[in-house]
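The next block is input17.cif, given as mmCIF, C-alpha atoms.
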data_target
loop_
_atom_site.label_atom_id
_atom_site.label_comp_id
_atom_site.auth_asym_id
_atom_site.auth_seq_id
_atom_site.Cartn_x
_atom_site.Cartn_y
_atom_site.Cartn_z
CA MET A 24 -15.62 23.04 -2.88
CA SER A 25 -15.31 20.78 -5.88
CA ARG A 26 -17.88 19.37 -8.22
CA VAL A 27 -17.65 15.63 -8.62
CA LYS A 28 -19.49 13.60 -11.20
CA LEU A 29 -19.31 9.87 -10.77
CA THR A 30 -21.24 6.63 -11.09
CA VAL A 31 -22.47 4.93 -7.92
CA ASN A 32 -24.13 1.54 -8.22
CA GLY A 33 -24.82 2.20 -11.87
CA GLU A 34 -26.37 5.64 -11.42
CA THR A 35 -24.75 8.93 -12.39
CA VAL A 36 -24.37 11.30 -9.48
CA SER A 37 -23.18 14.91 -9.54
CA ARG A 38 -22.57 16.94 -6.39
CA GLU A 39 -20.64 19.89 -5.02
CA VAL A 40 -18.60 18.77 -2.02
CA PRO A 41 -16.33 20.53 0.47
CA ASP A 42 -12.78 19.47 -0.46
CA ASN A 43 -12.17 17.82 2.90
CA THR A 44 -15.14 15.43 2.54
CA LEU A 45 -14.18 11.78 2.82
CA LEU A 46 -15.70 9.32 0.37
CA SER A 47 -17.26 7.48 3.33
CA GLN A 48 -19.00 10.70 4.43
CA PHE A 49 -20.10 11.45 0.87
CA LEU A 50 -21.66 8.01 0.40
CA ARG A 51 -23.33 7.95 3.80
CA GLU A 52 -24.40 11.57 4.26
CA ASP A 53 -24.80 12.97 0.75
CA LEU A 54 -26.11 9.88 -0.97
CA ARG A 55 -27.70 8.28 2.11
CA LEU A 56 -26.02 4.96 1.28
CA THR A 57 -25.35 3.97 4.87
CA GLY A 58 -24.31 0.40 4.17
CA THR A 59 -20.70 1.57 3.99
CA HIS A 60 -19.67 1.67 7.65
CA VAL A 61 -17.11 3.71 9.56
CA GLY A 62 -15.54 1.45 12.16
CA CYS A 63 -12.25 3.07 13.16
CA ASP A 64 -10.36 6.35 12.83
CA THR A 65 -7.17 4.75 11.66
CA SER A 66 -7.80 3.10 8.28
CA GLN A 67 -7.37 -0.38 9.72
CA CYS A 68 -10.78 -2.03 10.08
CA GLY A 69 -12.06 -2.28 6.50
CA ALA A 70 -15.74 -1.74 7.35
CA CYS A 71 -15.74 1.08 4.81
CA LEU A 72 -14.58 -0.98 1.81
CA VAL A 73 -16.12 -0.05 -1.55
CA HIS A 74 -15.18 -0.95 -5.12
CA VAL A 75 -13.78 1.95 -7.14
CA ASP A 76 -12.94 1.30 -10.79
CA GLY A 77 -12.74 -2.41 -10.06
CA ARG A 78 -10.56 -2.22 -6.91
CA ALA A 79 -11.58 -2.57 -3.28
CA ILE A 80 -10.44 0.54 -1.40
CA LYS A 81 -11.07 2.19 1.96
CA ALA A 82 -13.70 4.89 1.54
CA CYS A 83 -12.62 6.50 4.84
CA THR A 84 -9.13 7.06 3.44
CA THR A 85 -10.20 8.67 0.19
CA LEU A 86 -11.32 12.20 -0.57
CA ALA A 87 -14.65 12.48 -2.38
CA ALA A 88 -13.18 15.30 -4.47
CA SER A 89 -10.64 12.85 -5.92
CA MET A 90 -13.43 10.56 -7.17
CA ASP A 91 -14.52 12.64 -10.17
CA GLY A 92 -15.15 10.21 -13.03
CA ALA A 93 -15.00 7.13 -10.83
CA ASP A 94 -17.22 4.07 -11.09
CA ILE A 95 -18.15 3.03 -7.57
CA THR A 96 -20.02 0.00 -6.22
CA THR A 97 -21.13 -0.05 -2.60
CA ILE A 98 -22.68 -2.91 -0.63
CA GLU A 99 -26.06 -1.62 -1.73
CA GLY A 100 -25.10 -2.36 -5.31
CA VAL A 101 -23.94 -5.98 -5.21
CA ALA A 102 -27.30 -7.74 -5.24
CA ASN A 103 -29.17 -8.14 -8.51
CA GLY A 104 -32.59 -6.76 -7.65
CA ASP A 105 -34.08 -9.24 -5.20
CA ASN A 106 -31.40 -11.83 -5.94
CA LEU A 107 -28.56 -11.82 -3.43
CA HIS A 108 -25.01 -11.87 -4.75
CA PRO A 109 -23.44 -15.33 -4.30
CA MET A 110 -21.10 -13.80 -1.69
CA GLN A 111 -24.09 -12.53 0.32
CA THR A 112 -25.81 -15.92 0.05
CA ALA A 113 -22.66 -17.62 1.27
CA PHE A 114 -22.42 -15.31 4.31
CA ASN A 115 -26.03 -16.21 5.07
CA THR A 116 -25.51 -19.97 4.60
CA HIS A 117 -22.33 -20.09 6.68
CA HIS A 118 -23.44 -17.65 9.41
CA GLY A 119 -20.57 -15.35 8.50
CA LEU A 120 -21.87 -12.46 10.63
CA GLN A 121 -23.22 -11.67 14.07
CA CYS A 122 -23.66 -7.96 14.71
CA GLY A 123 -23.21 -7.21 11.03
CA PHE A 124 -21.04 -4.13 11.47
CA CYS A 125 -17.98 -5.44 9.64
CA THR A 126 -20.13 -7.36 7.16
CA PRO A 127 -20.43 -4.88 4.30
CA GLY A 128 -16.66 -4.55 4.28
CA MET A 129 -16.22 -8.32 4.50
CA VAL A 130 -18.60 -8.91 1.58
CA MET A 131 -16.89 -6.26 -0.56
CA ALA A 132 -13.49 -7.71 0.36
CA GLY A 133 -14.69 -11.22 -0.36
CA ILE A 134 -15.96 -10.30 -3.81
CA ASP A 135 -12.68 -8.51 -4.56
CA ILE A 136 -10.57 -11.43 -3.34
CA VAL A 137 -12.45 -14.04 -5.36
CA THR A 138 -12.47 -11.87 -8.48
CA ARG A 139 -8.73 -11.22 -8.28
CA TYR A 140 -7.79 -14.85 -7.70
CA GLN A 141 -10.02 -15.99 -10.55
CA ALA A 142 -8.42 -13.40 -12.83
CA MET A 143 -4.95 -14.64 -11.82
CA GLY A 144 -6.01 -18.27 -12.19
CA GLN A 145 -4.75 -18.94 -8.69
CA PRO A 146 -6.47 -21.33 -6.29
CA LEU A 147 -8.03 -19.57 -3.32
CA THR A 148 -6.87 -21.53 -0.29
CA GLU A 149 -8.01 -20.98 3.27
CA ALA A 150 -4.59 -19.56 4.10
CA ALA A 151 -4.84 -17.12 1.21
CA ILE A 152 -8.29 -15.96 2.30
CA ARG A 153 -7.05 -15.30 5.84
CA GLU A 154 -4.10 -13.34 4.51
CA GLU A 155 -6.24 -11.32 2.12
CA LEU A 156 -8.56 -10.39 5.01
CA GLU A 157 -5.75 -8.70 6.94
CA GLY A 158 -7.39 -5.35 6.34
CA ASN A 159 -10.81 -6.39 7.67
CA LEU A 160 -11.39 -6.63 11.42
CA CYS A 161 -14.28 -8.50 13.05
CA ARG A 162 -14.92 -8.41 16.78
CA CYS A 163 -17.74 -10.94 16.88
CA THR A 164 -17.16 -14.04 14.84
CA GLY A 165 -13.52 -15.05 15.18
CA TYR A 166 -13.39 -15.07 11.35
CA HIS A 167 -13.88 -18.81 10.81
CA ASN A 168 -17.35 -18.55 9.26
CA ILE A 169 -16.32 -15.53 7.21
CA VAL A 170 -13.49 -17.57 5.72
CA LYS A 171 -15.87 -20.47 5.02
CA ALA A 172 -18.33 -18.11 3.36
CA ILE A 173 -15.70 -16.65 1.06
CA ALA A 174 -14.34 -20.09 0.18
CA ASP A 175 -17.85 -21.25 -0.67
CA ALA A 176 -18.63 -18.14 -2.73
CA ALA A 177 -15.41 -18.71 -4.67
CA LEU A 178 -16.99 -21.91 -6.00
CA THR A 179 -20.43 -20.49 -6.69
CA MET A 180 -19.08 -17.28 -8.22
CA SER A 181 -16.94 -19.19 -10.68
CA SER A 182 -19.75 -21.52 -11.69
CA THR A 183 -22.00 -18.50 -12.20
CA ALA A 184 -19.40 -17.00 -14.48
CA LYS A 185 -19.14 -20.23 -16.43
CA ALA A 186 -22.92 -20.47 -16.75
CA ILE A 187 -23.05 -16.96 -18.23
CA GLN A 188 -20.39 -17.93 -20.77
CA MET B 7 -9.90 17.05 8.73
CA TYR B 8 -9.25 20.75 8.46
CA GLU B 9 -10.37 22.69 5.39
CA LEU B 10 -8.25 22.47 2.31
CA LYS B 11 -8.29 23.26 -1.39
CA TYR B 12 -8.21 20.26 -3.72
CA HIS B 13 -6.57 20.45 -7.14
CA LYS B 14 -6.45 17.74 -9.76
CA ALA B 15 -3.13 18.13 -11.57
CA THR B 16 -3.28 18.07 -15.37
CA SER B 17 0.44 17.30 -15.74
CA VAL B 18 3.60 17.10 -13.65
CA ALA B 19 4.48 20.65 -14.69
CA ASP B 20 1.04 21.81 -13.59
CA ALA B 21 1.44 20.00 -10.27
CA VAL B 22 4.82 21.64 -9.60
CA ASP B 23 3.37 25.03 -10.50
CA VAL B 24 0.35 24.72 -8.19
CA LEU B 25 2.53 23.29 -5.43
CA GLY B 26 4.90 26.22 -5.71
CA LYS B 27 2.08 28.77 -5.47
CA ALA B 28 0.26 27.15 -2.53
CA ASP B 29 0.73 28.41 1.03
CA ASP B 30 1.43 24.97 2.37
CA GLY B 31 0.69 22.44 -0.34
CA LYS B 32 1.21 18.71 -0.42
CA VAL B 33 1.10 16.16 -3.21
CA LEU B 34 -1.68 13.58 -3.00
CA ALA B 35 -1.11 10.24 -4.68
CA GLY B 36 -2.61 7.17 -2.98
CA GLY B 37 -3.27 9.07 0.23
CA GLN B 38 -2.85 5.97 2.38
CA THR B 39 -0.54 7.82 4.76
CA LEU B 40 -1.48 11.44 4.07
CA VAL B 41 -5.26 11.13 4.50
CA PRO B 42 -5.11 9.28 7.85
CA THR B 43 -2.48 11.78 9.04
CA MET B 44 -4.76 14.67 8.09
CA LYS B 45 -7.75 13.01 9.75
CA GLN B 46 -5.75 12.97 13.00
CA HIS B 47 -4.80 16.64 12.56
CA LEU B 48 -1.13 15.74 12.42
CA ALA B 49 -0.91 17.38 9.02
CA ALA B 50 -2.98 20.27 7.70
CA PRO B 51 -1.88 21.28 4.21
CA SER B 52 -3.68 24.27 2.74
CA ASP B 53 -3.76 22.62 -0.69
CA LEU B 54 -3.68 19.08 -1.99
CA ILE B 55 -2.45 18.47 -5.50
CA ASP B 56 -3.74 15.14 -6.78
CA ILE B 57 -1.30 13.42 -9.16
CA ARG B 58 -2.77 9.94 -8.95
CA ALA B 59 -4.21 9.90 -12.46
CA LEU B 60 -1.24 11.36 -14.33
CA SER B 61 -0.26 8.86 -17.01
CA GLU B 62 3.32 10.21 -17.08
CA LEU B 63 3.77 8.75 -13.58
CA GLN B 64 2.43 5.27 -14.27
CA GLY B 65 3.89 2.04 -15.40
CA VAL B 66 6.86 -0.25 -15.09
CA CYS B 67 9.44 -0.79 -17.81
CA ILE B 68 12.95 -2.10 -18.40
CA LYS B 69 15.54 0.45 -19.53
CA GLY B 70 18.90 -1.17 -20.20
CA ASP B 71 19.85 -3.06 -17.07
CA ALA B 72 17.42 -1.23 -14.83
CA LEU B 73 13.78 -1.49 -13.83
CA VAL B 74 11.98 1.86 -13.91
CA VAL B 75 8.80 2.25 -11.87
CA GLY B 76 6.51 5.26 -12.35
CA ALA B 77 6.07 7.16 -9.07
CA ALA B 78 2.28 6.80 -9.01
CA THR B 79 2.35 3.06 -9.64
CA ARG B 80 0.38 1.30 -6.95
CA HIS B 81 1.82 -1.39 -4.67
CA ALA B 82 -0.73 -3.95 -5.92
CA ASP B 83 0.39 -3.34 -9.50
CA VAL B 84 4.12 -3.55 -8.72
CA ALA B 85 3.46 -6.83 -6.89
CA LEU B 86 1.89 -8.42 -9.96
CA HIS B 87 3.77 -6.75 -12.81
CA ALA B 88 5.48 -9.19 -15.14
CA ASN B 89 8.63 -7.05 -15.46
CA VAL B 90 9.03 -6.81 -11.70
CA CYS B 91 8.29 -10.49 -11.07
CA MET B 92 10.80 -11.52 -13.69
CA HIS B 93 13.67 -9.12 -13.00
CA ILE B 94 13.42 -8.12 -9.32
CA PRO B 95 11.01 -10.59 -7.67
CA ALA B 96 12.15 -9.35 -4.26
CA LEU B 97 10.59 -5.99 -5.11
CA ALA B 98 7.31 -7.62 -6.15
CA SER B 99 7.26 -9.54 -2.90
CA LEU B 100 8.00 -6.38 -0.90
CA ALA B 101 5.19 -4.46 -2.60
CA GLY B 102 2.80 -7.35 -2.04
CA GLY B 103 3.45 -7.22 1.69
CA ILE B 104 2.79 -3.54 2.34
CA GLY B 105 -0.22 -2.81 4.53
CA ASP B 106 -3.28 -4.75 3.43
CA PRO B 107 -5.00 -5.33 0.06
CA ALA B 108 -7.03 -2.11 0.16
CA VAL B 109 -3.96 -0.06 1.08
CA ARG B 110 -2.04 -1.73 -1.76
CA ALA B 111 -4.87 -0.84 -4.14
CA MET B 112 -4.12 2.88 -3.67
CA GLY B 113 -0.66 3.37 -2.09
CA THR B 114 2.22 4.33 -4.39
CA ILE B 115 6.00 3.94 -4.44
CA GLY B 116 6.50 7.68 -4.94
CA GLY B 117 4.42 8.43 -1.87
CA SER B 118 6.29 5.88 0.21
CA LEU B 119 9.72 7.26 -0.71
CA ALA B 120 8.74 10.93 -0.43
CA ASN B 121 7.25 10.31 3.02
CA ASN B 122 10.21 8.24 4.27
CA ASP B 123 8.40 6.65 7.17
CA PRO B 124 11.10 4.95 9.29
CA SER B 125 9.06 1.74 9.18
CA ALA B 126 8.14 1.77 5.48
CA CYS B 127 9.38 -1.01 3.20
CA TYR B 128 10.29 0.77 -0.05
CA PRO B 129 13.14 2.85 1.43
CA ALA B 130 14.96 -0.41 2.24
CA ALA B 131 14.66 -1.58 -1.36
CA ALA B 132 15.78 1.77 -2.76
CA LEU B 133 18.80 1.97 -0.45
CA ALA B 134 19.83 -1.67 -0.92
CA MET B 135 19.84 -1.35 -4.71
CA ASN B 136 21.08 2.27 -4.73
CA ALA B 137 18.09 3.25 -6.77
CA SER B 138 17.89 6.58 -8.58
CA ILE B 139 15.00 8.72 -7.47
CA ILE B 140 13.97 10.67 -10.55
CA THR B 141 12.11 13.94 -10.00
CA ASP B 142 10.66 16.65 -12.17
CA ARG B 143 14.04 18.45 -12.11
CA ARG B 144 16.89 16.04 -11.33
CA GLU B 145 18.00 12.58 -10.29
CA LEU B 146 18.94 11.72 -6.73
CA ASP B 147 20.88 8.71 -5.46
CA ALA B 148 19.24 6.63 -2.77
CA ASP B 149 22.52 6.81 -0.84
CA THR B 150 21.96 10.51 -0.18
CA PHE B 151 18.17 10.81 -0.65
CA PHE B 152 17.03 9.73 2.82
CA ALA B 153 17.68 12.52 5.32
CA GLY B 154 16.31 11.17 8.58
CA MET B 155 12.90 10.17 9.87
CA PHE B 156 10.18 11.54 7.55
CA ALA B 157 12.76 13.69 5.79
CA THR B 158 14.28 13.53 2.31
CA ASP B 159 16.47 15.59 0.06
CA LEU B 160 13.48 16.78 -2.01
CA ASP B 161 12.78 20.49 -2.41
CA GLU B 162 9.44 21.80 -1.10
CA ASP B 163 7.83 21.79 -4.53
CA GLU B 164 9.71 18.86 -6.04
CA ILE B 165 7.84 15.80 -7.23
CA ILE B 166 9.19 12.26 -7.67
CA THR B 167 8.29 11.04 -11.16
CA ALA B 168 9.94 7.62 -11.26
CA VAL B 169 12.34 5.29 -9.46
CA ARG B 170 15.10 3.45 -11.33
CA PHE B 171 16.32 0.20 -9.77
CA PRO B 172 19.51 -1.35 -11.17
CA ILE B 173 18.66 -5.03 -11.59
CA PRO B 174 20.60 -6.97 -8.94
CA GLU B 175 22.24 -10.37 -9.39
CA LYS B 176 20.30 -11.54 -6.41
CA ALA B 177 18.07 -9.89 -3.85
CA ALA B 178 15.53 -10.61 -1.15
CA TYR B 179 13.47 -8.79 1.46
CA ALA B 180 12.62 -10.24 4.85
CA LYS B 181 10.19 -8.37 7.07
CA PHE B 182 9.00 -8.93 10.59
CA PRO B 183 5.65 -7.15 10.49
CA ASN B 184 4.03 -5.58 13.50
CA PRO B 185 1.08 -7.95 14.03
CA ALA B 186 -1.46 -5.13 14.18
CA SER B 187 -0.28 -2.47 11.77
CA ARG B 188 1.84 -4.68 9.50
CA TYR B 189 4.55 -2.02 9.32
CA ALA B 190 8.08 -3.39 9.40
CA MET B 191 9.23 -3.80 12.97
CA VAL B 192 12.37 -4.75 11.14
CA GLY B 193 12.69 -5.15 7.38
CA VAL B 194 15.97 -6.15 5.76
CA PHE B 195 16.62 -5.88 2.03
CA VAL B 196 19.76 -7.66 0.84
CA ALA B 197 21.02 -7.11 -2.71
CA VAL B 198 24.08 -8.18 -4.67
CA LEU B 199 24.98 -5.73 -7.44
CA ASP B 200 28.16 -6.04 -9.52
CA GLY B 201 29.52 -8.37 -6.85
CA ASP B 202 28.90 -5.85 -4.03
CA VAL B 203 26.63 -6.80 -1.16
CA ARG B 204 24.32 -4.12 0.22
CA VAL B 205 22.15 -4.57 3.30
CA ALA B 206 19.48 -1.95 4.01
CA ILE B 207 17.46 -2.01 7.20
CA THR B 208 14.12 -0.34 7.85
CA GLY B 209 11.80 -0.30 10.86
CA ALA B 210 14.70 -0.20 13.29
CA GLY B 211 16.72 2.98 12.98
CA GLU B 212 15.88 6.17 14.85
CA ASP B 213 16.91 8.08 11.73
CA GLY B 214 15.07 5.85 9.31
CA VAL B 215 16.50 3.40 6.81
CA PHE B 216 20.22 2.65 7.03
CA ARG B 217 22.88 0.29 5.70
CA HIS B 218 24.90 -1.94 8.01
CA GLN B 219 28.60 -2.11 7.23
CA GLY B 220 29.33 -5.11 9.46
CA LEU B 221 26.66 -7.23 7.82
CA GLU B 222 27.74 -6.13 4.33
CA GLU B 223 31.37 -7.04 4.99
CA ALA B 224 30.53 -10.41 6.50
CA LEU B 225 28.25 -11.30 3.61
CA ALA B 226 30.76 -10.09 1.03
CA GLU B 227 33.18 -12.67 2.43
CA SER B 228 30.62 -15.40 2.69
CA PHE B 229 27.09 -14.94 1.43
CA THR B 230 25.60 -17.38 3.91
CA SER B 231 23.27 -17.08 6.85
CA ASP B 232 26.04 -18.47 9.12
CA ALA B 233 28.17 -15.45 8.28
CA VAL B 234 25.62 -13.24 10.03
CA ASP B 235 26.21 -14.98 13.37
CA GLY B 236 29.60 -13.38 13.85
CA VAL B 237 28.34 -9.82 13.26
CA GLU B 238 27.61 -7.51 16.14
CA VAL B 239 24.53 -5.37 15.65
CA SER B 240 24.57 -2.47 18.07
CA GLU B 241 21.47 -1.25 19.90
CA GLU B 242 22.65 2.31 19.59
CA GLU B 243 20.44 4.54 17.48
CA LEU B 244 17.86 1.81 17.15
CA MET B 245 14.22 2.50 18.00
CA GLY B 246 12.79 1.16 21.23
CA ASP B 247 9.04 1.43 21.77
CA LEU B 248 6.06 -0.47 23.10
CA HIS B 249 6.32 -2.87 20.17
CA GLY B 250 9.90 -3.86 20.89
CA SER B 251 13.06 -2.69 22.63
CA ALA B 252 16.17 -1.61 20.76
CA ALA B 253 17.82 -4.86 21.86
CA TYR B 254 14.95 -6.87 20.37
CA ARG B 255 15.20 -4.97 17.11
CA ALA B 256 18.95 -5.59 17.01
CA GLN B 257 18.21 -9.30 17.32
CA LEU B 258 15.50 -9.11 14.66
CA ILE B 259 17.95 -7.43 12.28
CA LYS B 260 20.19 -10.48 12.41
CA VAL B 261 17.31 -12.92 12.03
CA MET B 262 15.74 -11.06 9.10
CA THR B 263 19.15 -10.70 7.42
CA LYS B 264 19.64 -14.46 7.65
CA ARG B 265 16.21 -15.07 6.16
CA ALA B 266 16.88 -12.62 3.35
CA VAL B 267 20.23 -14.25 2.56
CA VAL B 268 18.63 -17.69 2.37
CA ALA B 269 15.80 -16.35 0.22
CA ALA B 270 18.20 -14.56 -2.12
CA GLY B 271 19.81 -17.87 -2.95
#

For the file at hand, write its structure as structure tokens.
Amino acid sequence: MSRVKLTVNGETVSREVPDNTLLSQFLREDLRLTGTHVGCDTSQCGACLVHVDGRAIKACTTLAASMDGADITTIEGVANGDNLHPMQTAFNTHHGLQCGFCTPGMVMAGIDIVTRYQAMGQPLTEAAIREELEGNLCRCTGYHNIVKAIADAALTMSSTAKAIQ
Amino acid sequence: MYELKYHKATSVADAVDVLGKADDGKVLAGGQTLVPTMKQHLAAPSDLIDIRALSELQGVCIKGDALVVGAATRHADVALHANVCMHIPALASLAGGIGDPAVRAMGTIGGSLANNDPSACYPAAALAMNASIITDRRELDADTFFAGMFATDLDEDEIITAVRFPIPEKAAYAKFPNPASRYAMVGVFVAVLDGDVRVAITGAGEDGVFRHQGLEEALAESFTSDAVDGVEVSEEELMGDLHGSAAYRAQLIKVMTKRAVVAAG
């Protein structure tokens, strides 16, 4: 057992966890944040993506015990109250989901991709989006609308940032 | 995953100490291979010693004519690091092609080399540049470090702290990724150091990463993709599996070598 103290979606959380608890289990079962999904057993599908200390990582491939001191954002934390995150709005506008199972991971990946490319000052092309989504599998949509959603959000996210400045 | 005891190391010395005292301990860095392996019950260490946050194992710097990468430096960071991009861009490109973005956000070079997966990318880079693998107690040459599939020369409680790459005159890495897993079905790293050509091949050998003498000799005479045509790459001791036969991998070796030679310039 280890005690972990971390921040999840802006709130401080402190729990004792068995050392073999995965972060995905901790979020879903201990914190009842079930938006983070478990889609495969093999760390390939990306449905479990969360942001830890600014990076998108696979919660199913991380031990909760190793997250002491971490700052975590899950899909439940990306909206601003009742206002959807621009990435969520874009997925809505472009019909970037069907069953919704991969969607939390896709949204978290999308936000990470746009943020990284903006930080690098690199243009986010369709080809780049498809490459960056290699770790996110979708069985329903064929990816086209997901790619469109992320490309659209890349424009709205950057204009939001500029407006804040 | 079976039960285990988790330890967060406070220093490399602390990590070595805890590792030495554990029944069956393993080092945890990025966990991108170890955690999935444990989830499938293919590994069941009694103790995990987490070294991910140790500052002594982070960072990339230039020391003389070599690039030194801290063992716990993540693939995503190697791929973007100014020192790597400027001095060994082939290494940045290799790191940027491992797994997927989330894997690259956690996976580390030390973990990749210590694990020595026969289809991992970093072993090819280390062998092609004859990197020095620096541990808590000694330095090992890449030429003798890799001891077969999933095996290295490391002692049970020995921890890689950094990897030193001599900066090559030219280098490139060409990988044919498995379309699903993105592991190297064949990955060829070609490097020219002090006029010597070294060709290291991963993804293909039954014993893990290896150098190919025929390719090295041909390229030493003429560093061109045409020179590869005349080289015979034997199927013997190459992996054959559902992804590709040994004969296919032998063919891929030649194709990837040609691409690497062209990319190296």

Which residues, protein or nucleic acid, reach to within 12 Å of (18.3, 11.9, -7.4) in the file's coordinates when using only C-alpha atoms, and can you give that as an MDAnalysis selection string?
chainID B and resid 119:120 132 136:152 158:161 164:170

Minimum-distance residue to Thr16 of chain B, chosen among B:Leu63, B:Val75, B:Leu48, B:Ile173 (using all atoms listed in the file)
B:Leu63

Please write as a CSV table (one decimal) with C-alpha atoms, in the coordinates of the input the full residue list that the PyMOL selection byres ((chain B) within 10 of (chain A)) yields on this file.
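Once written, out_13.csv looks like this:
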chain,number,residue,atom,x,y,z
B,7,MET,CA,-9.9,17.0,8.7
B,8,TYR,CA,-9.2,20.8,8.5
B,9,GLU,CA,-10.4,22.7,5.4
B,10,LEU,CA,-8.2,22.5,2.3
B,11,LYS,CA,-8.3,23.3,-1.4
B,12,TYR,CA,-8.2,20.3,-3.7
B,13,HIS,CA,-6.6,20.4,-7.1
B,14,LYS,CA,-6.4,17.7,-9.8
B,34,LEU,CA,-1.7,13.6,-3.0
B,35,ALA,CA,-1.1,10.2,-4.7
B,36,GLY,CA,-2.6,7.2,-3.0
B,37,GLY,CA,-3.3,9.1,0.2
B,38,GLN,CA,-2.8,6.0,2.4
B,39,THR,CA,-0.5,7.8,4.8
B,40,LEU,CA,-1.5,11.4,4.1
B,41,VAL,CA,-5.3,11.1,4.5
B,42,PRO,CA,-5.1,9.3,7.8
B,43,THR,CA,-2.5,11.8,9.0
B,44,MET,CA,-4.8,14.7,8.1
B,45,LYS,CA,-7.8,13.0,9.8
B,46,GLN,CA,-5.8,13.0,13.0
B,53,ASP,CA,-3.8,22.6,-0.7
B,54,LEU,CA,-3.7,19.1,-2.0
B,55,ILE,CA,-2.4,18.5,-5.5
B,56,ASP,CA,-3.7,15.1,-6.8
B,57,ILE,CA,-1.3,13.4,-9.2
B,58,ARG,CA,-2.8,9.9,-9.0
B,59,ALA,CA,-4.2,9.9,-12.5
B,86,LEU,CA,1.9,-8.4,-10.0
B,105,GLY,CA,-0.2,-2.8,4.5
B,106,ASP,CA,-3.3,-4.8,3.4
B,107,PRO,CA,-5.0,-5.3,0.1
B,108,ALA,CA,-7.0,-2.1,0.2
B,109,VAL,CA,-4.0,-0.1,1.1
B,110,ARG,CA,-2.0,-1.7,-1.8
B,111,ALA,CA,-4.9,-0.8,-4.1
B,112,MET,CA,-4.1,2.9,-3.7
B,185,PRO,CA,1.1,-8.0,14.0
B,186,ALA,CA,-1.5,-5.1,14.2
B,187,SER,CA,-0.3,-2.5,11.8
B,188,ARG,CA,1.8,-4.7,9.5

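Proximity to Asp94 of chain A was assessed for A:Leu178, A:Leu29, A:Cys125, A:Cys163 counting all atoms listed in the file; the smallest distance is recorded for A:Leu29.
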
Distance in Å - atom CA of Ala226 of chain B versus atom CA of Ala269 of chain B:
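Rounded to one decimal, the two atoms are 16.2 Å apart.
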
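Between atom CA of Ile207 of chain B and atom CA of Val194 of chain B there is a distance of 4.6 Å.
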
Quick one, how far is atom CA of Ile173 of chain A from atom CA of Met110 of chain A?
6.7 Å

Do you know which residues the PyMOL selection byres ((chain B and resi 240-255) around 8) returns on this file, as a list in words?
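Those residues are Asn184, Met191, Val192, Ala210, Gly211, Glu212, Asp213, Glu238, Val239, Ala256, Gln257, Leu258 and Ile259 of chain B.
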
Write a file of the just-selected residues containing C-alpha atoms, as a PDB file, in the frame of the given file.
ATOM      1  CA  ASN B 184       4.030  -5.580  13.500  1.00  0.00           C
ATOM      2  CA  MET B 191       9.230  -3.800  12.970  1.00  0.00           C
ATOM      3  CA  VAL B 192      12.370  -4.750  11.140  1.00  0.00           C
ATOM      4  CA  ALA B 210      14.700  -0.200  13.290  1.00  0.00           C
ATOM      5  CA  GLY B 211      16.720   2.980  12.980  1.00  0.00           C
ATOM      6  CA  GLU B 212      15.880   6.170  14.850  1.00  0.00           C
ATOM      7  CA  ASP B 213      16.910   8.080  11.730  1.00  0.00           C
ATOM      8  CA  GLU B 238      27.610  -7.510  16.140  1.00  0.00           C
ATOM      9  CA  VAL B 239      24.530  -5.370  15.650  1.00  0.00           C
ATOM     10  CA  ALA B 256      18.950  -5.590  17.010  1.00  0.00           C
ATOM     11  CA  GLN B 257      18.210  -9.300  17.320  1.00  0.00           C
ATOM     12  CA  LEU B 258      15.500  -9.110  14.660  1.00  0.00           C
ATOM     13  CA  ILE B 259      17.950  -7.430  12.280  1.00  0.00           C
TER      14      ILE B 259
END

Could you spell out the hits of the PyMOL selection byres ((chain B and resi 23) around 12) on the shown file, as a VMD selection string?
chain B and resid 13 15 to 22 24 to 28 31 33 55 142 162 to 165

For the residues in that selection, give me C-alpha atoms as a compact mmCIF listing (two decimals), in the coordinates of the input.
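Listing of selection_3.txt after writing:
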# COMPACT_ATOMS: atom_id res chain seq x y z
CA HIS B 13 -6.57 20.45 -7.14
CA ALA B 15 -3.13 18.13 -11.57
CA THR B 16 -3.28 18.07 -15.37
CA SER B 17 0.44 17.30 -15.74
CA VAL B 18 3.60 17.10 -13.65
CA ALA B 19 4.48 20.65 -14.69
CA ASP B 20 1.04 21.81 -13.59
CA ALA B 21 1.44 20.00 -10.27
CA VAL B 22 4.82 21.64 -9.60
CA VAL B 24 0.35 24.72 -8.19
CA LEU B 25 2.53 23.29 -5.43
CA GLY B 26 4.90 26.22 -5.71
CA LYS B 27 2.08 28.77 -5.47
CA ALA B 28 0.26 27.15 -2.53
CA GLY B 31 0.69 22.44 -0.34
CA VAL B 33 1.10 16.16 -3.21
CA ILE B 55 -2.45 18.47 -5.50
CA ASP B 142 10.66 16.65 -12.17
CA GLU B 162 9.44 21.80 -1.10
CA ASP B 163 7.83 21.79 -4.53
CA GLU B 164 9.71 18.86 -6.04
CA ILE B 165 7.84 15.80 -7.23
